[in-house]
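Engineer: This one is model-v7.pdb, PDB, C-alpha atoms and all ligand atoms.
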```pdb
ATOM      1  CA  MET H   1      14.834  12.281 168.691
ATOM      2  CA  GLY H   2      11.350  11.307 169.753
ATOM      3  CA  VAL H   3       7.696  12.150 169.603
ATOM      4  CA  ASP H   4       8.355  15.758 170.727
ATOM      5  CA  SER H   5      10.171  16.517 167.485
ATOM      6  CA  PHE H   6       7.135  15.384 165.521
ATOM      7  CA  VAL H   7       4.834  17.490 167.695
ATOM      8  CA  ASN H   8       7.071  20.477 166.954
ATOM      9  CA  TRP H   9       6.978  19.651 163.251
ATOM     10  CA  LEU H  10       3.179  19.546 163.053
ATOM     11  CA  ARG H  11       2.848  22.773 165.045
ATOM     12  CA  ASP H  12       5.402  24.444 162.785
ATOM     13  CA  VAL H  13       3.563  23.186 159.678
ATOM     14  CA  ALA H  14       0.335  24.654 161.049
ATOM     15  CA  GLY H  15       2.044  28.020 161.571
ATOM     16  CA  SER H  16       3.611  28.016 158.125
ATOM     17  CA  LEU H  17       0.364  27.045 156.368
ATOM     18  CA  HIS H  18      -1.516  29.703 158.335
ATOM     19  CA  GLU H  19       1.023  32.361 157.309
ATOM     20  CA  ASN H  20       0.883  31.192 153.693
ATOM     21  CA  ALA H  21      -2.867  30.565 153.499
ATOM     22  CA  ALA H  22      -3.603  33.638 151.365
ATOM     23  CA  TYR H  23      -0.701  32.794 149.043
ATOM     24  CA  LEU H  24      -1.845  29.165 148.597
ATOM     25  CA  THR H  25      -5.396  30.306 147.934
ATOM     26  CA  GLU H  26      -4.169  32.863 145.392
ATOM     27  CA  LEU H  27      -2.298  30.082 143.550
ATOM     28  CA  ASP H  28      -5.446  27.925 143.653
ATOM     29  CA  SER H  29      -7.586  30.811 142.381
ATOM     30  CA  ALA H  30      -5.589  30.802 139.120
ATOM     31  CA  ILE H  31      -6.051  27.090 138.301
ATOM     32  CA  GLY H  32      -8.556  25.746 140.840
ATOM     33  CA  ASP H  33     -11.328  26.882 143.146
ATOM     34  CA  ALA H  34      -9.437  29.245 145.465
ATOM     35  CA  ASP H  35      -9.594  27.123 148.602
ATOM     36  CA  HIS H  36      -6.225  25.392 149.018
ATOM     37  CA  GLY H  37      -4.956  27.820 151.666
ATOM     38  CA  ALA H  38      -8.214  27.665 153.605
ATOM     39  CA  ASN H  39      -8.304  23.863 153.319
ATOM     40  CA  MET H  40      -4.767  23.396 154.628
ATOM     41  CA  ASP H  41      -5.154  26.023 157.351
ATOM     42  CA  ARG H  42      -8.402  24.481 158.599
ATOM     43  CA  GLY H  43      -6.922  20.986 158.578
ATOM     44  CA  PHE H  44      -3.778  21.901 160.470
ATOM     45  CA  GLN H  45      -5.635  24.080 162.979
ATOM     46  CA  ALA H  46      -7.579  20.886 163.765
ATOM     47  CA  VAL H  47      -4.269  19.035 164.136
ATOM     48  CA  VAL H  48      -3.074  21.735 166.576
ATOM     49  CA  ALA H  49      -6.305  21.312 168.570
ATOM     50  CA  LEU H  50      -5.584  17.577 168.680
ATOM     51  CA  LEU H  51      -2.043  18.226 169.967
ATOM     52  CA  ASP H  52      -3.400  20.607 172.614
ATOM     53  CA  GLU H  53      -5.836  18.046 173.999
ATOM     54  CA  THR H  54      -3.903  14.778 173.653
ATOM     55  CA  SER H  55      -0.397  13.763 174.600
ATOM     56  CA  PHE H  56       1.062  11.107 172.341
ATOM     57  CA  GLU H  57       3.489   8.415 173.458
ATOM     58  CA  SER H  58       4.865   7.661 170.022
ATOM     59  CA  ALA H  59       5.442   9.330 166.669
ATOM     60  CA  ASP H  60       3.450   6.652 164.849
ATOM     61  CA  GLU H  61       0.315   7.230 166.967
ATOM     62  CA  LEU H  62       0.694  10.989 166.539
ATOM     63  CA  LEU H  63       1.097  10.872 162.767
ATOM     64  CA  LYS H  64      -1.751   8.395 162.314
ATOM     65  CA  LYS H  65      -4.139  10.549 164.345
ATOM     66  CA  ALA H  66      -3.017  13.688 162.501
ATOM     67  CA  GLY H  67      -3.717  11.901 159.197
ATOM     68  CA  MET H  68      -7.190  10.867 160.314
ATOM     69  CA  THR H  69      -7.873  14.446 161.430
ATOM     70  CA  LEU H  70      -6.888  15.796 158.003
ATOM     71  CA  VAL H  71      -9.073  13.253 156.205
ATOM     72  CA  SER H  72     -12.068  14.208 158.347
ATOM     73  CA  LYS H  73     -11.562  18.009 158.441
ATOM     74  CA  VAL H  74     -10.357  18.818 154.936
ATOM     75  CA  GLY H  75     -12.543  18.244 151.924
ATOM     76  CA  GLY H  76     -11.486  18.334 148.313
ATOM     77  CA  ALA H  77      -8.469  16.595 146.868
ATOM     78  CA  SER H  78      -5.825  17.663 149.343
ATOM     79  CA  GLY H  79      -7.488  16.411 152.566
ATOM     80  CA  PRO H  80      -7.588  12.722 151.635
ATOM     81  CA  LEU H  81      -4.168  12.957 149.954
ATOM     82  CA  TYR H  82      -2.342  14.603 152.860
ATOM     83  CA  GLY H  83      -4.391  12.584 155.331
ATOM     84  CA  THR H  84      -3.230   9.375 153.659
ATOM     85  CA  PHE H  85       0.355  10.649 153.603
ATOM     86  CA  PHE H  86       0.453  11.138 157.389
ATOM     87  CA  LEU H  87      -1.545   7.966 158.090
ATOM     88  CA  ARG H  88       0.823   5.776 156.090
ATOM     89  CA  PHE H  89       3.895   7.609 157.394
ATOM     90  CA  GLY H  90       2.754   6.832 160.932
ATOM     91  CA  THR H  91       1.876   3.237 160.143
ATOM     92  CA  ALA H  92       5.345   2.664 158.678
ATOM     93  CA  LEU H  93       6.997   3.997 161.862
ATOM     94  CA  ALA H  94       5.109   1.682 164.233
ATOM     95  CA  GLY H  95       7.580  -0.116 166.474
ATOM     96  CA  ALA H  96      10.600   1.346 164.678
ATOM     97  CA  ASP H  97      13.467   3.387 166.100
ATOM     98  CA  LEU H  98      13.415   6.892 164.627
ATOM     99  CA  THR H  99      16.469   7.023 162.355
ATOM    100  CA  PRO H 100      17.117   8.674 158.966
ATOM    101  CA  GLU H 101      16.519   5.247 157.387
ATOM    102  CA  THR H 102      13.196   4.470 159.092
ATOM    103  CA  ILE H 103      11.955   8.020 158.567
ATOM    104  CA  GLY H 104      12.877   7.641 154.883
ATOM    105  CA  LYS H 105      10.824   4.452 154.711
ATOM    106  CA  GLY H 106       7.965   6.326 156.347
ATOM    107  CA  LEU H 107       8.159   9.174 153.841
ATOM    108  CA  HIS H 108       8.128   6.672 150.979
ATOM    109  CA  ALA H 109       5.132   4.857 152.478
ATOM    110  CA  GLY H 110       3.309   8.183 152.808
ATOM    111  CA  VAL H 111       3.980   9.170 149.222
ATOM    112  CA  ASP H 112       3.010   5.684 148.015
ATOM    113  CA  GLY H 113      -0.311   6.377 149.729
ATOM    114  CA  VAL H 114      -0.674   9.686 147.862
ATOM    115  CA  LEU H 115      -0.089   7.809 144.601
ATOM    116  CA  ALA H 116      -2.480   4.976 145.512
ATOM    117  CA  ARG H 117      -5.249   7.511 146.119
ATOM    118  CA  GLY H 118      -4.526  10.130 143.481
ATOM    119  CA  LYS H 119      -2.924   8.082 140.679
ATOM    120  CA  ALA H 120      -0.676  11.009 139.763
ATOM    121  CA  GLU H 121       2.414  10.542 137.646
ATOM    122  CA  LEU H 122       5.481  12.737 137.524
ATOM    123  CA  GLY H 123       4.761  15.818 135.420
ATOM    124  CA  ASP H 124       0.987  15.814 136.026
ATOM    125  CA  LYS H 125       1.392  19.168 137.856
ATOM    126  CA  THR H 126       0.453  17.956 141.331
ATOM    127  CA  MET H 127       1.993  17.734 144.781
ATOM    128  CA  TYR H 128       3.751  14.569 143.578
ATOM    129  CA  ASP H 129       6.023  16.770 141.438
ATOM    130  CA  ALA H 130       7.436  18.111 144.724
ATOM    131  CA  TRP H 131       7.375  14.797 146.642
ATOM    132  CA  ALA H 132       9.186  12.733 143.998
ATOM    133  CA  PRO H 133      12.410  14.770 143.754
ATOM    134  CA  ALA H 134      12.318  15.281 147.523
ATOM    135  CA  LEU H 135      12.377  11.520 148.136
ATOM    136  CA  THR H 136      15.237  11.031 145.678
ATOM    137  CA  ALA H 137      17.278  13.787 147.308
ATOM    138  CA  TYR H 138      16.531  12.403 150.776
ATOM    139  CA  ASP H 139      17.558   8.867 149.794
ATOM    140  CA  ASP H 140      20.754  10.085 148.125
ATOM    141  CA  ALA H 141      21.686  12.130 151.190
ATOM    142  CA  VAL H 142      21.073   9.236 153.600
ATOM    143  CA  ALA H 143      22.983   6.813 151.348
ATOM    144  CA  GLY H 144      25.883   9.278 151.509
ATOM    145  CA  GLY H 145      25.835   9.193 155.307
ATOM    146  CA  ALA H 146      23.929  12.439 155.954
ATOM    147  CA  ASP H 147      22.162  12.997 159.248
ATOM    148  CA  LEU H 148      18.397  13.591 159.379
ATOM    149  CA  GLY H 149      18.554  17.393 159.290
ATOM    150  CA  THR H 150      20.887  17.404 156.293
ATOM    151  CA  ALA H 151      18.761  14.855 154.427
ATOM    152  CA  LEU H 152      15.561  16.818 155.111
ATOM    153  CA  THR H 153      17.205  20.058 153.988
ATOM    154  CA  ALA H 154      18.200  18.354 150.716
ATOM    155  CA  ALA H 155      14.629  17.047 150.381
ATOM    156  CA  ALA H 156      13.119  20.508 150.945
ATOM    157  CA  GLU H 157      15.451  22.097 148.385
ATOM    158  CA  ALA H 158      14.578  19.441 145.812
ATOM    159  CA  ALA H 159      10.864  19.907 146.549
ATOM    160  CA  ALA H 160      11.209  23.651 145.909
ATOM    161  CA  LYS H 161      12.788  22.956 142.522
ATOM    162  CA  GLY H 162      10.010  20.460 141.717
ATOM    163  CA  ARG H 163       7.416  23.057 142.781
ATOM    164  CA  ASP H 164       8.990  25.692 140.512
ATOM    165  CA  ALA H 165       9.077  23.193 137.641
ATOM    166  CA  THR H 166       5.262  22.764 137.837
ATOM    167  CA  THR H 167       4.711  26.290 136.476
ATOM    168  CA  PRO H 168       5.040  25.558 132.728
ATOM    169  CA  LEU H 169       3.238  22.207 132.954
ATOM    170  CA  VAL H 170      -0.268  21.430 131.740
ATOM    171  CA  ALA H 171      -2.242  19.807 134.582
ATOM    172  CA  ARG H 172      -3.391  16.231 134.073
ATOM    173  CA  LYS H 173      -4.922  15.569 137.520
ATOM    174  CA  GLY H 174      -7.277  17.398 139.831
ATOM    175  CA  ARG H 175      -9.349  20.509 139.171
ATOM    176  CA  ALA H 176      -6.548  22.286 137.309
ATOM    177  CA  SER H 177      -6.770  19.598 134.595
ATOM    178  CA  TYR H 178     -10.235  20.950 133.668
ATOM    179  CA  LEU H 179      -8.439  24.039 132.315
ATOM    180  CA  GLY H 180      -6.313  22.031 129.895
ATOM    181  CA  GLU H 181      -3.626  24.181 128.227
ATOM    182  CA  ARG H 182      -4.768  27.214 130.238
ATOM    183  CA  SER H 183      -3.328  25.611 133.381
ATOM    184  CA  ALA H 184       0.199  26.222 132.023
ATOM    185  CA  GLY H 185       2.022  29.250 133.410
ATOM    186  CA  HIS H 186       0.812  28.812 136.996
ATOM    187  CA  GLN H 187       2.560  27.186 139.956
ATOM    188  CA  ASP H 188       0.729  24.208 141.458
ATOM    189  CA  PRO H 189      -0.770  24.954 144.905
ATOM    190  CA  GLY H 190      -0.303  21.414 146.247
ATOM    191  CA  ALA H 191       3.363  21.250 145.207
ATOM    192  CA  THR H 192       3.718  24.559 147.062
ATOM    193  CA  SER H 193       2.166  23.261 150.297
ATOM    194  CA  THR H 194       4.263  20.070 150.087
ATOM    195  CA  THR H 195       7.392  22.220 149.906
ATOM    196  CA  LEU H 196       6.261  24.193 152.979
ATOM    197  CA  ILE H 197       5.705  20.917 154.880
ATOM    198  CA  LEU H 198       9.204  19.688 154.006
ATOM    199  CA  GLU H 199      10.839  23.048 154.790
ATOM    200  CA  SER H 200       9.174  22.811 158.170
ATOM    201  CA  ALA H 201      10.483  19.250 158.617
ATOM    202  CA  ALA H 202      14.024  20.444 157.885
ATOM    203  CA  ARG H 203      13.624  23.140 160.589
ATOM    204  CA  THR H 204      12.115  20.941 163.280
ATOM    205  CA  LEU H 205      13.009  17.264 162.805
ATOM    206  CA  ALA H 206      16.779  17.466 163.090
TER     207      ALA H 206
HETATM  208  P1  LIG J 301      -9.503  20.855 145.465
HETATM  209  O1  LIG J 301      -8.783  20.846 144.131
HETATM  210  O2  LIG J 301     -10.400  19.692 145.625
HETATM  211  O3  LIG J 301     -10.155  22.180 145.738
HETATM  212  P2  LIG J 301      -7.209  21.658 147.026
HETATM  213  O4  LIG J 301      -7.378  22.969 146.345
HETATM  214  O5  LIG J 301      -7.121  21.707 148.507
HETATM  215  O6  LIG J 301      -8.350  20.650 146.587
HETATM  216  O7  LIG J 301      -5.876  20.953 146.522
HETATM  217  C1  LIG J 301      -5.451  21.066 145.185
HETATM  218  C2  LIG J 301      -4.108  20.380 145.031
HETATM  219  O8  LIG J 301      -4.253  18.978 145.201
HETATM  220  C3  LIG J 301      -3.504  20.540 143.640
HETATM  221  O9  LIG J 301      -2.755  21.741 143.543
HETATM  222  C4  LIG J 301      -2.637  19.305 143.482
HETATM  223  O10 LIG J 301      -1.299  19.530 143.929
HETATM  224  C5  LIG J 301      -3.270  18.312 144.430
HETATM  225  N1  LIG J 301      -3.927  17.245 143.682
HETATM  226  C6  LIG J 301      -5.115  17.272 143.069
HETATM  227  N2  LIG J 301      -5.397  16.079 142.506
HETATM  228  C7  LIG J 301      -4.329  15.278 142.772
HETATM  229  C8  LIG J 301      -3.991  13.912 142.487
HETATM  230  N3  LIG J 301      -4.824  13.129 141.812
HETATM  231  N4  LIG J 301      -2.796  13.437 142.948
HETATM  232  C9  LIG J 301      -1.950  14.229 143.633
HETATM  233  N5  LIG J 301      -2.215  15.509 143.948
HETATM  234  C10 LIG J 301      -3.383  16.024 143.531
HETATM  235 MG    MG J 302      -8.951  23.927 145.508
HETATM  236 MG    MG J 303     -12.003  22.651 146.591
END
```
What's the structure tokens form of this structure?
Ligand code: ADP
Ligand code: MG
Ligand code: MG

Structural biologist:
Amino acid sequence: MGVDSFVNWLRDVAGSLHENAAYLTELDSAIGDADHGANMDRGFQAVVALLDETSFESADELLKKAGMTLVSKVGGASGPLYGTFFLRFGTALAGADLTPETIGKGLHAGVDGVLARGKAELGDKTMYDAWAPALTAYDDAVAGGADLGTALTAAAEAAAKGRDATTPLVARKGRASYLGERSAGHQDPGATSTTLILESAARTLA
């Protein structure tokens, strides 16, 4: 696999977020400010524009530039968080062969970046509640000898369970935390977009 797989991934993410923009915004209207779908769609349309005008030689350059684009085009909480994820993912891949192990290190570096910026803990009802189980499932799959596609499928399935498990939680980070107990009973928008991003990875990065 090479840079083309990552180009396909980002284009597929853009398509999936565009298709799900109204859904993500509806989730954000219940516990936020009704812009998560629009934020993600705008950010990834800018990433698609970047892919249309630039050809990248390596996955690390591509992911770093995509991260910078998200930071600059998406406001709110999710732009800097996802921007940092892709920036750190790319940085971790610099000079590395693309294997299930190095991609796993990249995913961990990306999520460490999300935590460094957002300070979320497990159970705070954020995107981290999807990322954390996804990383565990990915690592377990790779340790068991799984190939990249199998490991990413396991990660996406675990993310979906983590996303579903955000529904009863009371939010402790981000705008939803302003609602206190009233945030319970609603699925977290960011955990939902993280799951879409990983489902797309499982489809395209095999
Ligand atoms: P905003 O809340 O600024 O309008 P978005 O609506 O685009 O930004 O994104 C909201 C999502 O961002 C939440 O559903 C949550 O998953 C995620 N989020 C918010 N704050 C944090 C944080 N500190 N750490 C991790 N994720 C966060
Ligand atoms: Mg919002
Ligand atoms: Mg907002």

Engineer: Can I get the residues close to ligand MG 302 (chain J) as a PyMOL selection string, where close means within 10 Å and we count all atoms listed in the file?

Structural biologist: chain H and resi 24-25+27-39+75-78+174-176+189-190

Engineer: Find the residues with any atom within 12 Å of (5.6, 4.2, 148.1); use only C-alpha atoms and the coordinates as given in the file, and write the answer as a PyMOL selection string.

Structural biologist: chain H and resi 84-85+88-89+92+104-117+119+128+131-132+135

Engineer: Hey, can you check how far atom CA of H:Gly185 sits from atom CA of H:Thr167?

Structural biologist: 5.0 Å

Engineer: Could you list the residues chosen by the PyMOL selection byres (((chain H and resi 48) around 10) and not hetatm) in this structure as a PyMOL selection string?

Structural biologist: chain H and resi 7+10-15+42-47+49-54+66

Engineer: Out of H:Thr91, H:Leu98, H:Tyr23, H:Met40, which residue has the shortest atom-to-atom distance to H:Asp147 when counting all atoms listed in the file?

Structural biologist: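 Nearest to H:Asp147: H:Leu98.
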
Engineer: As AutoDock Vina command-line options, what would the box around stretch 160-175 of chain H look like: edges along x, y and z, 8 Å added on every side, centre and edge lengths in Å to one decimal?

Structural biologist:
```
--center_x 1.7 --center_y 20.9 --center_z 138.8 --size_x 38.1 --size_y 26.7 --size_z 30.2
```

Engineer: For the file shown, what are the residues hit by the PyMOL selection byres (((chain H and resi 67) around 9) and not hetatm), laid out as a VMD selection string?

Structural biologist: chain H and resid 47 62 to 66 68 to 72 79 to 80 82 to 90

Engineer: Residue by residue, what does the PyMOL selection byres (((chain H and resi 123) around 10) and not hetatm) grab here? Present the result as a VMD selection string.

Structural biologist: chain H and resid 120 to 122 124 to 130 162 165 to 166 169 to 173

Engineer: What is the distance, in Å and to one decimal place, between atom CA of H:Ala59 and atom CA of H:Leu81?

Structural biologist: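 A separation of 19.6 Å between them.
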
Engineer: For the atom pair atom CA of H:Ala158 and atom CA of H:Lys73, what is the interatomic distance in Å to one decimal place?

Structural biologist: 29.1 Å

Engineer: Counting only C-alpha atoms and all ligand atoms, which residue out of H:Ala156, H:Val74, H:Leu205, H:Leu93 sits closest to ligand LIG 301 (chain J)?

Structural biologist: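 Among the listed residues, H:Val74 lies closest to ligand LIG 301 (chain J).
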
Engineer: When distances are computed from all atoms listed in the file, which of H:Thr136, H:Ala154, H:His18, H:Thr192 shows the smallest separation from ligand LIG 301 (chain J)?

Structural biologist: H:Thr192

Engineer: Taking (18.8, 15.9, 157.4) in the file's coordinates as the center, which residues reach within 9 Å of it, counting all atoms listed in the file, put as a list in words?

Structural biologist: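 Protein, DNA and RNA residues close to (18.8, 15.9, 157.4): Pro100, Tyr138, Ala141, Val142, Ala146, Asp147, Leu148, Gly149, Thr150, Ala151, Leu152, Thr153, Ala154, Ala155, Ala202, Leu205 and Ala206 of chain H.
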
Engineer: Name the closest residue to ligand LIG 301 (chain J) among the candidates H:Gly118, H:Gly180, H:Pro168, H:Gly144; distances are taken between atoms, counting all atoms listed in the file.

Structural biologist: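 Distance minimum relative to ligand LIG 301 (chain J) lands on H:Gly118.
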